[in-house]
Each structure stands twice: as C-alpha cells, then as structure tokens.
$ cat start21.txt   # compact mmCIF, N, CA and C atoms
# COMPACT_ATOMS: atom_id res chain seq x y z
N MET A 88 191.83 369.68 126.71
CA MET A 88 192.61 368.48 126.54
C MET A 88 191.91 367.30 127.19
N GLY A 89 191.30 367.50 128.36
CA GLY A 89 190.61 366.41 129.04
C GLY A 89 189.44 365.89 128.22
N SER A 90 188.69 366.78 127.54
CA SER A 90 187.54 366.33 126.75
C SER A 90 187.99 365.50 125.55
N ARG A 91 189.17 365.80 125.01
CA ARG A 91 189.67 364.99 123.90
C ARG A 91 189.90 363.56 124.33
N ARG A 92 190.46 363.37 125.49
CA ARG A 92 190.69 362.01 125.98
C ARG A 92 189.38 361.28 126.18
N ARG A 93 188.41 361.97 126.73
CA ARG A 93 187.10 361.35 126.96
C ARG A 93 186.47 360.93 125.65
N LEU A 94 186.50 361.82 124.64
CA LEU A 94 185.91 361.50 123.35
C LEU A 94 186.63 360.33 122.71
N ALA A 95 187.93 360.34 122.75
CA ALA A 95 188.69 359.25 122.14
C ALA A 95 188.40 357.93 122.83
N GLY A 96 188.19 357.95 124.12
CA GLY A 96 187.91 356.74 124.87
C GLY A 96 186.56 356.14 124.56
N ASN A 97 185.62 356.96 124.08
CA ASN A 97 184.27 356.48 123.78
C ASN A 97 184.11 355.97 122.37
N GLN A 98 185.09 356.17 121.52
CA GLN A 98 184.97 355.72 120.13
C GLN A 98 185.12 354.22 120.05
N GLU A 99 184.38 353.63 119.09
CA GLU A 99 184.49 352.19 118.86
C GLU A 99 185.84 351.89 118.24
N ALA A 100 186.36 350.73 118.53
CA ALA A 100 187.64 350.32 117.94
C ALA A 100 187.46 350.04 116.46
N GLU A 101 188.46 350.40 115.67
CA GLU A 101 188.45 350.12 114.23
C GLU A 101 188.57 348.62 114.02
N PRO A 102 187.79 348.06 113.09
CA PRO A 102 187.90 346.62 112.83
C PRO A 102 189.32 346.23 112.46
N LYS A 103 189.78 345.11 112.96
CA LYS A 103 191.14 344.63 112.70
C LYS A 103 191.20 343.72 111.48
N VAL A 104 190.06 343.33 110.95
CA VAL A 104 190.00 342.43 109.81
C VAL A 104 190.37 343.19 108.54
N ARG A 105 191.20 342.59 107.70
CA ARG A 105 191.54 343.19 106.41
C ARG A 105 190.40 342.85 105.45
N LEU A 106 189.75 343.87 104.95
CA LEU A 106 188.59 343.69 104.09
C LEU A 106 189.00 343.86 102.64
N GLY A 107 188.96 342.77 101.88
CA GLY A 107 189.34 342.80 100.48
C GLY A 107 188.20 343.20 99.58
N ARG A 108 188.53 343.50 98.33
CA ARG A 108 187.51 343.82 97.33
C ARG A 108 186.61 342.60 97.16
N GLY A 109 185.31 342.84 97.20
CA GLY A 109 184.36 341.76 97.02
C GLY A 109 183.88 341.13 98.31
N THR A 110 184.39 341.60 99.45
CA THR A 110 183.91 341.09 100.74
C THR A 110 182.52 341.65 101.02
N VAL A 111 181.61 340.80 101.46
CA VAL A 111 180.27 341.23 101.85
C VAL A 111 180.31 341.59 103.33
N VAL A 112 179.89 342.81 103.64
CA VAL A 112 179.88 343.30 105.02
C VAL A 112 178.50 343.83 105.38
N LEU A 113 178.16 343.76 106.64
CA LEU A 113 176.91 344.33 107.14
C LEU A 113 177.25 345.72 107.65
N VAL A 114 176.59 346.75 107.09
CA VAL A 114 176.95 348.14 107.37
C VAL A 114 175.75 348.91 107.88
N GLU A 115 175.97 349.76 108.85
CA GLU A 115 174.95 350.69 109.34
C GLU A 115 175.06 351.96 108.50
N LEU A 116 174.12 352.18 107.58
CA LEU A 116 174.20 353.30 106.64
C LEU A 116 173.53 354.58 107.14
N ASP A 117 172.81 354.51 108.25
CA ASP A 117 172.16 355.72 108.78
C ASP A 117 173.19 356.60 109.47
N PRO A 118 173.05 357.90 109.44
CA PRO A 118 171.96 358.67 108.85
C PRO A 118 172.14 358.85 107.34
N VAL A 119 171.03 359.08 106.67
CA VAL A 119 171.04 359.26 105.22
C VAL A 119 170.26 360.51 104.85
N VAL A 120 170.35 360.88 103.58
CA VAL A 120 169.62 362.02 103.05
C VAL A 120 168.98 361.59 101.73
N GLY A 121 167.76 362.02 101.50
CA GLY A 121 167.10 361.78 100.21
C GLY A 121 166.93 360.31 99.86
N HIS A 122 167.40 359.93 98.67
CA HIS A 122 167.19 358.58 98.14
C HIS A 122 168.31 357.62 98.47
N GLU A 123 169.24 357.98 99.34
CA GLU A 123 170.32 357.08 99.71
C GLU A 123 169.76 355.84 100.40
N GLN A 124 170.43 354.71 100.21
CA GLN A 124 170.04 353.47 100.89
C GLN A 124 170.26 353.68 102.38
N LYS A 125 169.34 353.14 103.17
CA LYS A 125 169.43 353.38 104.61
C LYS A 125 169.38 352.09 105.40
N GLY A 126 169.66 352.23 106.67
CA GLY A 126 169.54 351.12 107.60
C GLY A 126 170.75 350.20 107.63
N LEU A 127 170.54 349.09 108.31
CA LEU A 127 171.56 348.06 108.44
C LEU A 127 171.39 347.12 107.26
N ARG A 128 172.39 347.07 106.37
CA ARG A 128 172.24 346.26 105.16
C ARG A 128 173.57 345.75 104.67
N PRO A 129 173.53 344.66 103.89
CA PRO A 129 174.78 344.16 103.32
C PRO A 129 175.30 345.12 102.26
N CYS A 130 176.61 345.20 102.19
CA CYS A 130 177.30 346.02 101.19
C CYS A 130 178.51 345.23 100.69
N ILE A 131 179.00 345.61 99.53
CA ILE A 131 180.18 344.99 98.94
C ILE A 131 181.33 345.98 99.03
N VAL A 132 182.45 345.55 99.58
CA VAL A 132 183.65 346.39 99.63
C VAL A 132 184.23 346.46 98.22
N VAL A 133 184.45 347.68 97.72
CA VAL A 133 185.04 347.85 96.39
C VAL A 133 186.38 348.57 96.43
N SER A 134 186.83 348.96 97.61
CA SER A 134 188.14 349.60 97.76
C SER A 134 189.24 348.55 97.72
N ASP A 135 190.41 348.96 97.26
CA ASP A 135 191.58 348.10 97.25
C ASP A 135 192.22 348.15 98.63
N PRO A 136 192.37 347.03 99.31
CA PRO A 136 192.92 347.04 100.68
C PRO A 136 194.36 347.53 100.73
N ASP A 137 195.11 347.41 99.64
CA ASP A 137 196.47 347.93 99.63
C ASP A 137 196.49 349.45 99.65
N VAL A 138 195.43 350.07 99.16
CA VAL A 138 195.32 351.52 99.16
C VAL A 138 194.71 352.00 100.47
N THR A 139 193.60 351.40 100.90
CA THR A 139 192.89 351.87 102.08
C THR A 139 193.59 351.51 103.38
N GLY A 140 194.44 350.49 103.37
CA GLY A 140 195.11 350.07 104.59
C GLY A 140 196.04 351.10 105.18
N GLY A 141 196.63 351.95 104.34
CA GLY A 141 197.58 352.93 104.83
C GLY A 141 197.02 354.34 104.94
N GLN A 142 195.72 354.49 104.86
CA GLN A 142 195.11 355.81 104.91
C GLN A 142 195.20 356.43 106.29
N ARG A 143 195.22 357.74 106.31
CA ARG A 143 195.20 358.48 107.58
C ARG A 143 193.87 358.27 108.30
N PHE A 144 192.78 358.22 107.53
CA PHE A 144 191.47 358.01 108.11
C PHE A 144 190.96 356.64 107.67
N PRO A 145 190.22 355.94 108.52
CA PRO A 145 189.79 354.57 108.22
C PRO A 145 188.56 354.52 107.31
N LEU A 146 188.72 354.92 106.05
CA LEU A 146 187.61 354.95 105.10
C LEU A 146 187.77 353.87 104.05
N LEU A 147 186.65 353.41 103.53
CA LEU A 147 186.64 352.54 102.37
C LEU A 147 185.35 352.74 101.61
N CYS A 148 185.32 352.30 100.37
CA CYS A 148 184.12 352.45 99.53
C CYS A 148 183.35 351.15 99.48
N VAL A 149 182.03 351.28 99.55
CA VAL A 149 181.15 350.12 99.48
C VAL A 149 180.02 350.39 98.49
N VAL A 150 179.45 349.31 98.00
CA VAL A 150 178.26 349.36 97.16
C VAL A 150 177.18 348.60 97.93
N PRO A 151 176.07 349.28 98.27
CA PRO A 151 174.98 348.60 98.98
C PRO A 151 174.33 347.50 98.13
N VAL A 152 173.67 346.58 98.81
CA VAL A 152 173.01 345.45 98.19
C VAL A 152 171.51 345.53 98.49
N THR A 153 170.69 345.11 97.54
CA THR A 153 169.25 345.08 97.72
C THR A 153 168.69 343.77 97.19
N GLY A 154 167.51 343.41 97.66
CA GLY A 154 166.81 342.24 97.13
C GLY A 154 165.87 342.62 96.00
N THR A 155 165.70 343.91 95.76
CA THR A 155 164.81 344.39 94.70
C THR A 155 165.52 344.29 93.35
N PRO A 156 164.94 343.57 92.40
CA PRO A 156 165.60 343.41 91.11
C PRO A 156 165.84 344.73 90.40
N GLY A 157 166.99 344.83 89.77
CA GLY A 157 167.33 345.98 88.95
C GLY A 157 167.79 345.48 87.60
N GLN A 158 167.88 346.38 86.63
CA GLN A 158 168.31 345.98 85.29
C GLN A 158 169.42 346.90 84.82
N GLY A 159 170.34 346.33 84.07
CA GLY A 159 171.40 347.13 83.49
C GLY A 159 172.71 347.01 84.25
N LEU A 160 173.72 347.69 83.72
CA LEU A 160 175.08 347.64 84.27
C LEU A 160 175.18 348.06 85.73
N LEU A 161 174.31 348.96 86.16
CA LEU A 161 174.43 349.51 87.51
C LEU A 161 173.80 348.63 88.58
N TYR A 162 173.17 347.51 88.18
CA TYR A 162 172.51 346.63 89.13
C TYR A 162 172.84 345.16 88.87
N PRO A 163 174.11 344.79 88.93
CA PRO A 163 174.45 343.40 88.63
C PRO A 163 173.88 342.44 89.67
N PRO A 164 173.41 341.26 89.20
CA PRO A 164 172.86 340.27 90.12
C PRO A 164 173.95 339.61 90.96
N LEU A 165 173.59 339.24 92.18
CA LEU A 165 174.50 338.57 93.11
C LEU A 165 173.81 337.31 93.62
N SER A 166 174.51 336.20 93.57
CA SER A 166 173.93 334.92 93.98
C SER A 166 174.16 334.65 95.45
N PRO A 167 173.22 333.95 96.09
CA PRO A 167 173.45 333.53 97.48
C PRO A 167 174.52 332.44 97.52
N GLY A 168 175.10 332.25 98.68
CA GLY A 168 176.11 331.19 98.80
C GLY A 168 177.26 331.59 99.69
N ARG A 169 178.48 331.29 99.23
CA ARG A 169 179.70 331.51 100.04
C ARG A 169 179.90 332.97 100.43
N SER A 170 179.27 333.88 99.70
CA SER A 170 179.41 335.31 100.00
C SER A 170 178.72 335.67 101.32
N GLY A 171 177.81 334.83 101.76
CA GLY A 171 177.04 335.14 102.95
C GLY A 171 175.66 335.69 102.64
N LEU A 172 175.42 336.02 101.37
CA LEU A 172 174.08 336.47 100.99
C LEU A 172 173.14 335.27 101.03
N THR A 173 171.94 335.47 101.56
CA THR A 173 171.01 334.35 101.75
C THR A 173 169.97 334.24 100.65
N LYS A 174 169.89 335.25 99.77
CA LYS A 174 168.93 335.21 98.67
C LYS A 174 169.50 335.95 97.47
N GLN A 175 168.87 335.75 96.31
CA GLN A 175 169.26 336.47 95.10
C GLN A 175 169.20 337.97 95.41
N SER A 176 170.26 338.69 95.10
CA SER A 176 170.36 340.11 95.42
C SER A 176 170.93 340.86 94.24
N PHE A 177 171.02 342.19 94.39
CA PHE A 177 171.53 343.05 93.34
C PHE A 177 172.40 344.14 93.96
N ALA A 178 173.56 344.39 93.35
CA ALA A 178 174.42 345.47 93.79
C ALA A 178 173.84 346.78 93.28
N LEU A 179 173.88 347.80 94.11
CA LEU A 179 173.39 349.13 93.73
C LEU A 179 174.61 350.02 93.45
N VAL A 180 175.19 349.82 92.27
CA VAL A 180 176.43 350.53 91.93
C VAL A 180 176.24 352.04 91.99
N ASP A 181 175.06 352.53 91.62
CA ASP A 181 174.82 353.97 91.64
C ASP A 181 174.65 354.53 93.06
N HIS A 182 174.78 353.68 94.06
CA HIS A 182 174.75 354.12 95.46
C HIS A 182 176.12 353.98 96.11
N LEU A 183 177.17 353.95 95.29
CA LEU A 183 178.55 353.88 95.77
C LEU A 183 178.74 354.89 96.89
N ARG A 184 179.42 354.44 97.95
CA ARG A 184 179.53 355.31 99.12
C ARG A 184 180.84 355.07 99.85
N SER A 185 181.43 356.15 100.31
CA SER A 185 182.61 356.07 101.16
C SER A 185 182.12 356.05 102.60
N ILE A 186 182.61 355.08 103.39
CA ILE A 186 182.17 354.96 104.78
C ILE A 186 183.37 354.84 105.71
N ASP A 187 183.18 355.19 106.95
CA ASP A 187 184.15 354.93 107.99
C ASP A 187 184.04 353.46 108.36
N LYS A 188 185.16 352.79 108.56
CA LYS A 188 185.14 351.36 108.86
C LYS A 188 184.36 351.04 110.13
N ARG A 189 184.17 352.03 111.00
CA ARG A 189 183.42 351.78 112.24
C ARG A 189 181.94 351.55 111.99
N ARG A 190 181.46 351.81 110.77
CA ARG A 190 180.06 351.52 110.42
C ARG A 190 179.85 350.02 110.18
N ILE A 191 180.92 349.29 109.97
CA ILE A 191 180.80 347.85 109.67
C ILE A 191 180.49 347.08 110.94
N ARG A 192 179.43 346.29 110.87
CA ARG A 192 179.00 345.49 112.03
C ARG A 192 179.50 344.06 111.94
N ARG A 193 179.67 343.55 110.71
CA ARG A 193 180.07 342.15 110.55
C ARG A 193 180.58 341.92 109.12
N ALA A 194 181.53 341.05 108.98
CA ALA A 194 182.00 340.64 107.65
C ALA A 194 181.49 339.22 107.41
N PHE A 195 181.03 338.96 106.19
CA PHE A 195 180.54 337.63 105.82
C PHE A 195 181.58 336.96 104.95
N GLY A 196 181.24 336.64 103.71
CA GLY A 196 182.17 335.98 102.80
C GLY A 196 182.56 336.88 101.65
N ASP A 197 183.06 336.27 100.59
CA ASP A 197 183.51 337.01 99.42
C ASP A 197 182.71 336.62 98.19
N LEU A 198 182.48 337.60 97.32
CA LEU A 198 181.79 337.34 96.06
C LEU A 198 182.69 336.55 95.12
N PRO A 199 182.10 335.78 94.21
CA PRO A 199 182.90 335.14 93.17
C PRO A 199 183.50 336.21 92.25
N GLN A 200 184.62 335.89 91.64
CA GLN A 200 185.31 336.84 90.76
C GLN A 200 184.42 337.37 89.65
N SER A 201 183.53 336.53 89.11
CA SER A 201 182.64 336.97 88.02
C SER A 201 181.70 338.09 88.48
N GLU A 202 181.24 338.03 89.73
CA GLU A 202 180.35 339.07 90.25
C GLU A 202 181.12 340.35 90.57
N ILE A 203 182.35 340.22 91.03
CA ILE A 203 183.20 341.40 91.25
C ILE A 203 183.46 342.09 89.92
N ALA A 204 183.71 341.30 88.87
CA ALA A 204 183.94 341.86 87.53
C ALA A 204 182.72 342.62 87.03
N ALA A 205 181.52 342.10 87.31
CA ALA A 205 180.28 342.78 86.89
C ALA A 205 180.12 344.10 87.64
N ILE A 206 180.46 344.12 88.92
CA ILE A 206 180.40 345.37 89.70
C ILE A 206 181.43 346.35 89.15
N ASP A 207 182.63 345.87 88.85
CA ASP A 207 183.67 346.74 88.28
C ASP A 207 183.21 347.37 86.96
N GLU A 208 182.54 346.58 86.14
CA GLU A 208 182.02 347.10 84.88
C GLU A 208 181.01 348.22 85.13
N GLY A 209 180.15 348.01 86.11
CA GLY A 209 179.18 349.04 86.47
C GLY A 209 179.85 350.28 87.02
N LEU A 210 180.88 350.09 87.87
CA LEU A 210 181.60 351.24 88.43
C LEU A 210 182.31 352.04 87.33
N THR A 211 182.88 351.33 86.38
CA THR A 211 183.56 352.00 85.26
C THR A 211 182.58 352.88 84.49
N ALA A 212 181.39 352.36 84.23
CA ALA A 212 180.36 353.13 83.52
C ALA A 212 179.85 354.29 84.39
N PHE A 213 179.54 354.00 85.65
CA PHE A 213 178.96 355.01 86.54
C PHE A 213 179.91 356.18 86.77
N LEU A 214 181.21 355.89 86.91
CA LEU A 214 182.19 356.93 87.18
C LEU A 214 182.80 357.53 85.91
N GLY A 215 182.38 357.04 84.74
CA GLY A 215 182.88 357.58 83.49
C GLY A 215 184.36 357.32 83.27
N LEU A 216 184.82 356.14 83.68
CA LEU A 216 186.25 355.83 83.59
C LEU A 216 186.62 354.99 82.38
N GLY A 217 185.67 354.68 81.54
CA GLY A 217 185.96 353.87 80.36
C GLY A 217 187.07 354.48 79.52
N GLY A 218 188.12 353.71 79.27
CA GLY A 218 189.24 354.18 78.46
C GLY A 218 190.21 355.09 79.20
N ARG A 219 189.94 355.39 80.45
CA ARG A 219 190.80 356.29 81.22
C ARG A 219 191.64 355.58 82.26
N ILE A 220 191.31 354.32 82.53
CA ILE A 220 192.01 353.60 83.60
C ILE A 220 193.34 353.07 83.06
N VAL A 221 194.41 353.45 83.73
CA VAL A 221 195.73 352.96 83.39
C VAL A 221 196.29 352.33 84.65
N ALA A 222 196.54 351.03 84.58
CA ALA A 222 197.07 350.34 85.77
C ALA A 222 198.50 350.77 86.01
N SER A 223 198.80 351.09 87.26
CA SER A 223 200.17 351.39 87.65
C SER A 223 200.40 350.83 89.04
N PRO A 224 201.60 350.38 89.30
CA PRO A 224 201.86 349.80 90.62
C PRO A 224 201.75 350.86 91.71
N ILE A 225 201.23 350.44 92.86
CA ILE A 225 201.11 351.33 94.01
C ILE A 225 202.46 351.40 94.69
N GLN A 226 202.92 352.59 94.91
CA GLN A 226 204.25 352.79 95.53
C GLN A 226 204.09 353.00 97.02
$ encode --input "start21.txt" --output "structure tokens"
Amino acid sequence: MGSRRRLAGNQEAEPKVRLGRGTVVLVELDPVVGHEQKGLRPCIVVSDPDVTGGQRFPLLCVVPVTGTPGQGLLYPPLSPGRSGLTKQSFALVDHLRSIDKRRIRRAFGDLPQSEIAAIDEGLTAFLGLGGRIVASPIQ
C-alpha cells in the first residue's frame, strides 16, 4: 500500500486544458517501435472532447504532423498561422495514435475547419468507415 502512494505521488498531473478536435499540441511520442513517428513533435487532436472528457483513463487520439510533403488523402496539407504551426506541414493520418494526456507538453492553437475536414476525410478512408458512420447523440 505504501508503494502505491509513492508511485501516485510521482505521476505528472493530467492537463486541465480541454483539448478540442483540431487543437495542435506538442507531444512526446517516445518510446516507439518500427516506423512510428518519434520524438517531441506537433500532433493534431482528433478525439471528441465530449467523449474523452468522461473516460476512466486520460486517453485521446492524435495524428502526428511532419514537414515532409506527402500526397493523397492520408497526408493533408496544414498551413502555418493561428494553429501554432510555423511552416507548411502535413498530417500523418496513417500514424493515428491513442496517447495518454500526460504525453502532451504544450497546446498551441486550432486548425481551420477546412483542414480538420481534410483530416476527417483521411481518417474515414484509413479506418474504412465510408458509408458506415451514423451520427447519434452522445448520452
């Protein structure tokens, strides 16, 4: 029982900021395996905060960002500006990842709606959800 208290006391506090879909965050992605994106890098939050806010565990899904140009639905371009990105970038939709919120080091700004829509289109293709998504209110 004493070791549990010690371990709990050493954990970083969960971020108190509500992170919406399309928020650009700086995430520590290490450790990784194989071809996964690694290191400290910007990512786009793609989880719905109304769903992730009430979870038992503090998890959310992110899509890493790269400066290396990509082509096609899985690599939509992202413009610098209010989002906090400083240069032309690309979302790596095929690197979708669930992370613990404690990996987040900083939140920047939000993507424009058009760029969130492009990421959503890529996610729909990548996850094979075309024609299967039925909107229903969250209870």
$ atom_distance --input "start21.txt" --atom1 "atom C of Leu147 in chain A" --atom2 "atom N of Val133 in chain A"
6.4 Å
$ residues_around --input "start21.txt" --residues "Pro129 in chain A" --least-positions-apart "2" --cutoff "6 Å" --atoms "only C-alpha atoms" --output "PyMOL selection string"
chain A and resi 112-113+152
$ residues_around --input "start21.txt" --residues "range 194-208 of chain A" --least-positions-apart "3" --cutoff "7 Å" --atoms "all atoms listed in the file" --output "list in words"
Arg108, Gly109, Thr110, Val111, Val112, Leu113, Leu160, Leu161, Pro163, Pro164, Leu165, Arg169, Ser170, Gly171, Leu172, Val180, Ile191, Thr211, Ala212 and Phe213 of chain A
$ closest_residue --input "start21.txt" --among "A:Leu106, A:Gly217, A:Arg193, A:Asp187" --to "Asp137 in chain A" --atoms "only C-alpha atoms"
A:Leu106
$ select_by_dssp --input "start21.txt" --residues "chain A" --states "alpha helix (DSSP H)" --output "ChimeraX atom specification"
/A:89-97,136-139,200-213
$ residues_around --input "start21.txt" --residues "Thr155 in chain A" --least-positions-apart "4" --cutoff "8 Å" --atoms "all atoms listed in the file" --output "ChimeraX atom specification"
/A:175-177
$ residues_around --input "start21.txt" --residues "His182 in chain A" --least-positions-apart "6" --cutoff "7 Å" --atoms "all atoms listed in the file" --output "PyMOL selection string"
chain A and resi 123-124+149-151
$ atom_distance --input "start21.txt" --atom1 "atom N of Gly141 in chain A" --atom2 "CA of Arg189 in chain A"
15.4 Å
$ select_by_dssp --input "start21.txt" --residues "chain A" --states "strand (DSSP E or B)" --output "PDB file with N, CA and C atoms, keeping the file's coordinate frame"
ATOM      1  N   THR A 110     184.390 341.600  99.450  1.00  0.00           N
ATOM      2  CA  THR A 110     183.910 341.090 100.740  1.00  0.00           C
ATOM      3  C   THR A 110     182.520 341.650 101.020  1.00  0.00           C
ATOM      4  N   VAL A 111     181.610 340.800 101.460  1.00  0.00           N
ATOM      5  CA  VAL A 111     180.270 341.230 101.850  1.00  0.00           C
ATOM      6  C   VAL A 111     180.310 341.590 103.330  1.00  0.00           C
ATOM      7  N   VAL A 112     179.890 342.810 103.640  1.00  0.00           N
ATOM      8  CA  VAL A 112     179.880 343.300 105.020  1.00  0.00           C
ATOM      9  C   VAL A 112     178.500 343.830 105.380  1.00  0.00           C
ATOM     10  N   LEU A 113     178.160 343.760 106.640  1.00  0.00           N
ATOM     11  CA  LEU A 113     176.910 344.330 107.140  1.00  0.00           C
ATOM     12  C   LEU A 113     177.250 345.720 107.650  1.00  0.00           C
ATOM     13  N   VAL A 114     176.590 346.750 107.090  1.00  0.00           N
ATOM     14  CA  VAL A 114     176.950 348.140 107.370  1.00  0.00           C
ATOM     15  C   VAL A 114     175.750 348.910 107.880  1.00  0.00           C
ATOM     16  N   GLU A 115     175.970 349.760 108.850  1.00  0.00           N
ATOM     17  CA  GLU A 115     174.950 350.690 109.340  1.00  0.00           C
ATOM     18  C   GLU A 115     175.060 351.960 108.500  1.00  0.00           C
ATOM     19  N   LEU A 127     170.540 349.090 108.310  1.00  0.00           N
ATOM     20  CA  LEU A 127     171.560 348.060 108.440  1.00  0.00           C
ATOM     21  C   LEU A 127     171.390 347.120 107.260  1.00  0.00           C
ATOM     22  N   ARG A 128     172.390 347.070 106.370  1.00  0.00           N
ATOM     23  CA  ARG A 128     172.240 346.260 105.160  1.00  0.00           C
ATOM     24  C   ARG A 128     173.570 345.750 104.670  1.00  0.00           C
ATOM     25  N   PRO A 129     173.530 344.660 103.890  1.00  0.00           N
ATOM     26  CA  PRO A 129     174.780 344.160 103.320  1.00  0.00           C
ATOM     27  C   PRO A 129     175.300 345.120 102.260  1.00  0.00           C
ATOM     28  N   CYS A 130     176.610 345.200 102.190  1.00  0.00           N
ATOM     29  CA  CYS A 130     177.300 346.020 101.190  1.00  0.00           C
ATOM     30  C   CYS A 130     178.510 345.230 100.690  1.00  0.00           C
ATOM     31  N   ILE A 131     179.000 345.610  99.530  1.00  0.00           N
ATOM     32  CA  ILE A 131     180.180 344.990  98.940  1.00  0.00           C
ATOM     33  C   ILE A 131     181.330 345.980  99.030  1.00  0.00           C
ATOM     34  N   VAL A 132     182.450 345.550  99.580  1.00  0.00           N
ATOM     35  CA  VAL A 132     183.650 346.390  99.630  1.00  0.00           C
ATOM     36  C   VAL A 132     184.230 346.460  98.220  1.00  0.00           C
ATOM     37  N   LEU A 146     188.720 354.920 106.050  1.00  0.00           N
ATOM     38  CA  LEU A 146     187.610 354.950 105.100  1.00  0.00           C
ATOM     39  C   LEU A 146     187.770 353.870 104.050  1.00  0.00           C
ATOM     40  N   LEU A 147     186.650 353.410 103.530  1.00  0.00           N
ATOM     41  CA  LEU A 147     186.640 352.540 102.370  1.00  0.00           C
ATOM     42  C   LEU A 147     185.350 352.740 101.610  1.00  0.00           C
ATOM     43  N   CYS A 148     185.320 352.300 100.370  1.00  0.00           N
ATOM     44  CA  CYS A 148     184.120 352.450  99.530  1.00  0.00           C
ATOM     45  C   CYS A 148     183.350 351.150  99.480  1.00  0.00           C
ATOM     46  N   VAL A 149     182.030 351.280  99.550  1.00  0.00           N
ATOM     47  CA  VAL A 149     181.150 350.120  99.480  1.00  0.00           C
ATOM     48  C   VAL A 149     180.020 350.390  98.490  1.00  0.00           C
ATOM     49  N   VAL A 150     179.450 349.310  98.000  1.00  0.00           N
ATOM     50  CA  VAL A 150     178.260 349.360  97.160  1.00  0.00           C
ATOM     51  C   VAL A 150     177.180 348.600  97.930  1.00  0.00           C
ATOM     52  N   PRO A 151     176.070 349.280  98.270  1.00  0.00           N
ATOM     53  CA  PRO A 151     174.980 348.600  98.980  1.00  0.00           C
ATOM     54  C   PRO A 151     174.330 347.500  98.130  1.00  0.00           C
ATOM     55  N   VAL A 152     173.670 346.580  98.810  1.00  0.00           N
ATOM     56  CA  VAL A 152     173.010 345.450  98.190  1.00  0.00           C
ATOM     57  C   VAL A 152     171.510 345.530  98.490  1.00  0.00           C
ATOM     58  N   THR A 153     170.690 345.110  97.540  1.00  0.00           N
ATOM     59  CA  THR A 153     169.250 345.080  97.720  1.00  0.00           C
ATOM     60  C   THR A 153     168.690 343.770  97.190  1.00  0.00           C
ATOM     61  N   PRO A 164     173.410 341.260  89.200  1.00  0.00           N
ATOM     62  CA  PRO A 164     172.860 340.270  90.120  1.00  0.00           C
ATOM     63  C   PRO A 164     173.950 339.610  90.960  1.00  0.00           C
ATOM     64  N   LEU A 165     173.590 339.240  92.180  1.00  0.00           N
ATOM     65  CA  LEU A 165     174.500 338.570  93.110  1.00  0.00           C
ATOM     66  C   LEU A 165     173.810 337.310  93.620  1.00  0.00           C
ATOM     67  N   SER A 176     170.260 338.690  95.100  1.00  0.00           N
ATOM     68  CA  SER A 176     170.360 340.110  95.420  1.00  0.00           C
ATOM     69  C   SER A 176     170.930 340.860  94.240  1.00  0.00           C
ATOM     70  N   PHE A 177     171.020 342.190  94.390  1.00  0.00           N
ATOM     71  CA  PHE A 177     171.530 343.050  93.340  1.00  0.00           C
ATOM     72  C   PHE A 177     172.400 344.140  93.960  1.00  0.00           C
ATOM     73  N   ALA A 178     173.560 344.390  93.350  1.00  0.00           N
ATOM     74  CA  ALA A 178     174.420 345.470  93.790  1.00  0.00           C
ATOM     75  C   ALA A 178     173.840 346.780  93.280  1.00  0.00           C
ATOM     76  N   ARG A 184     179.420 354.440  97.950  1.00  0.00           N
ATOM     77  CA  ARG A 184     179.530 355.310  99.120  1.00  0.00           C
ATOM     78  C   ARG A 184     180.840 355.070  99.850  1.00  0.00           C
ATOM     79  N   SER A 185     181.430 356.150 100.310  1.00  0.00           N
ATOM     80  CA  SER A 185     182.610 356.070 101.160  1.00  0.00           C
ATOM     81  C   SER A 185     182.120 356.050 102.600  1.00  0.00           C
ATOM     82  N   ILE A 186     182.610 355.080 103.390  1.00  0.00           N
ATOM     83  CA  ILE A 186     182.170 354.960 104.780  1.00  0.00           C
ATOM     84  C   ILE A 186     183.370 354.840 105.710  1.00  0.00           C
ATOM     85  N   ASP A 187     183.180 355.190 106.950  1.00  0.00           N
ATOM     86  CA  ASP A 187     184.150 354.930 107.990  1.00  0.00           C
ATOM     87  C   ASP A 187     184.040 353.460 108.360  1.00  0.00           C
ATOM     88  N   ILE A 191     180.920 349.290 109.970  1.00  0.00           N
ATOM     89  CA  ILE A 191     180.800 347.850 109.670  1.00  0.00           C
ATOM     90  C   ILE A 191     180.490 347.080 110.940  1.00  0.00           C
ATOM     91  N   ARG A 192     179.430 346.290 110.870  1.00  0.00           N
ATOM     92  CA  ARG A 192     179.000 345.490 112.030  1.00  0.00           C
ATOM     93  C   ARG A 192     179.500 344.060 111.940  1.00  0.00           C
ATOM     94  N   ARG A 193     179.670 343.550 110.710  1.00  0.00           N
ATOM     95  CA  ARG A 193     180.070 342.150 110.550  1.00  0.00           C
ATOM     96  C   ARG A 193     180.580 341.920 109.120  1.00  0.00           C
ATOM     97  N   ALA A 194     181.530 341.050 108.980  1.00  0.00           N
ATOM     98  CA  ALA A 194     182.000 340.640 107.650  1.00  0.00           C
ATOM     99  C   ALA A 194     181.490 339.220 107.410  1.00  0.00           C
ATOM    100  N   PHE A 195     181.030 338.960 106.190  1.00  0.00           N
ATOM    101  CA  PHE A 195     180.540 337.630 105.820  1.00  0.00           C
ATOM    102  C   PHE A 195     181.580 336.960 104.950  1.00  0.00           C
ATOM    103  N   GLY A 196     181.240 336.640 103.710  1.00  0.00           N
ATOM    104  CA  GLY A 196     182.170 335.980 102.800  1.00  0.00           C
ATOM    105  C   GLY A 196     182.560 336.880 101.650  1.00  0.00           C
ATOM    106  N   ASP A 197     183.060 336.270 100.590  1.00  0.00           N
ATOM    107  CA  ASP A 197     183.510 337.010  99.420  1.00  0.00           C
ATOM    108  C   ASP A 197     182.710 336.620  98.190  1.00  0.00           C
TER     109      ASP A 197
END
$ decode --input "start21.txt" --residues "range 185-202 of chain A" --atoms "C-alpha atoms" --output "mmCIF file, in the first residue's frame"
data_model
loop_
_atom_site.group_PDB
_atom_site.id
_atom_site.type_symbol
_atom_site.label_atom_id
_atom_site.label_comp_id
_atom_site.auth_asym_id
_atom_site.auth_seq_id
_atom_site.Cartn_x
_atom_site.Cartn_y
_atom_site.Cartn_z
ATOM 1 C CA SER A 185 -4.021 6.885 -28.886
ATOM 2 C CA ILE A 186 -1.949 8.632 -26.207
ATOM 3 C CA ASP A 187 -2.144 9.367 -22.506
ATOM 4 C CA LYS A 188 -2.765 13.087 -21.972
ATOM 5 C CA ARG A 189 0.381 13.228 -19.815
ATOM 6 C CA ARG A 190 2.440 12.972 -23.033
ATOM 7 C CA ILE A 191 1.252 16.461 -24.014
ATOM 8 C CA ARG A 192 3.845 19.135 -23.305
ATOM 9 C CA ARG A 193 2.035 22.184 -24.692
ATOM 10 C CA ALA A 194 -1.111 23.218 -26.537
ATOM 11 C CA PHE A 195 -0.858 25.748 -29.376
ATOM 12 C CA GLY A 196 -3.818 26.878 -31.491
ATOM 13 C CA ASP A 197 -6.568 25.295 -33.551
ATOM 14 C CA LEU A 198 -6.651 24.254 -37.198
ATOM 15 C CA PRO A 199 -9.121 25.917 -39.554
ATOM 16 C CA GLN A 200 -12.305 23.913 -40.135
ATOM 17 C CA SER A 201 -11.272 23.136 -43.742
ATOM 18 C CA GLU A 202 -8.093 21.384 -42.540
#
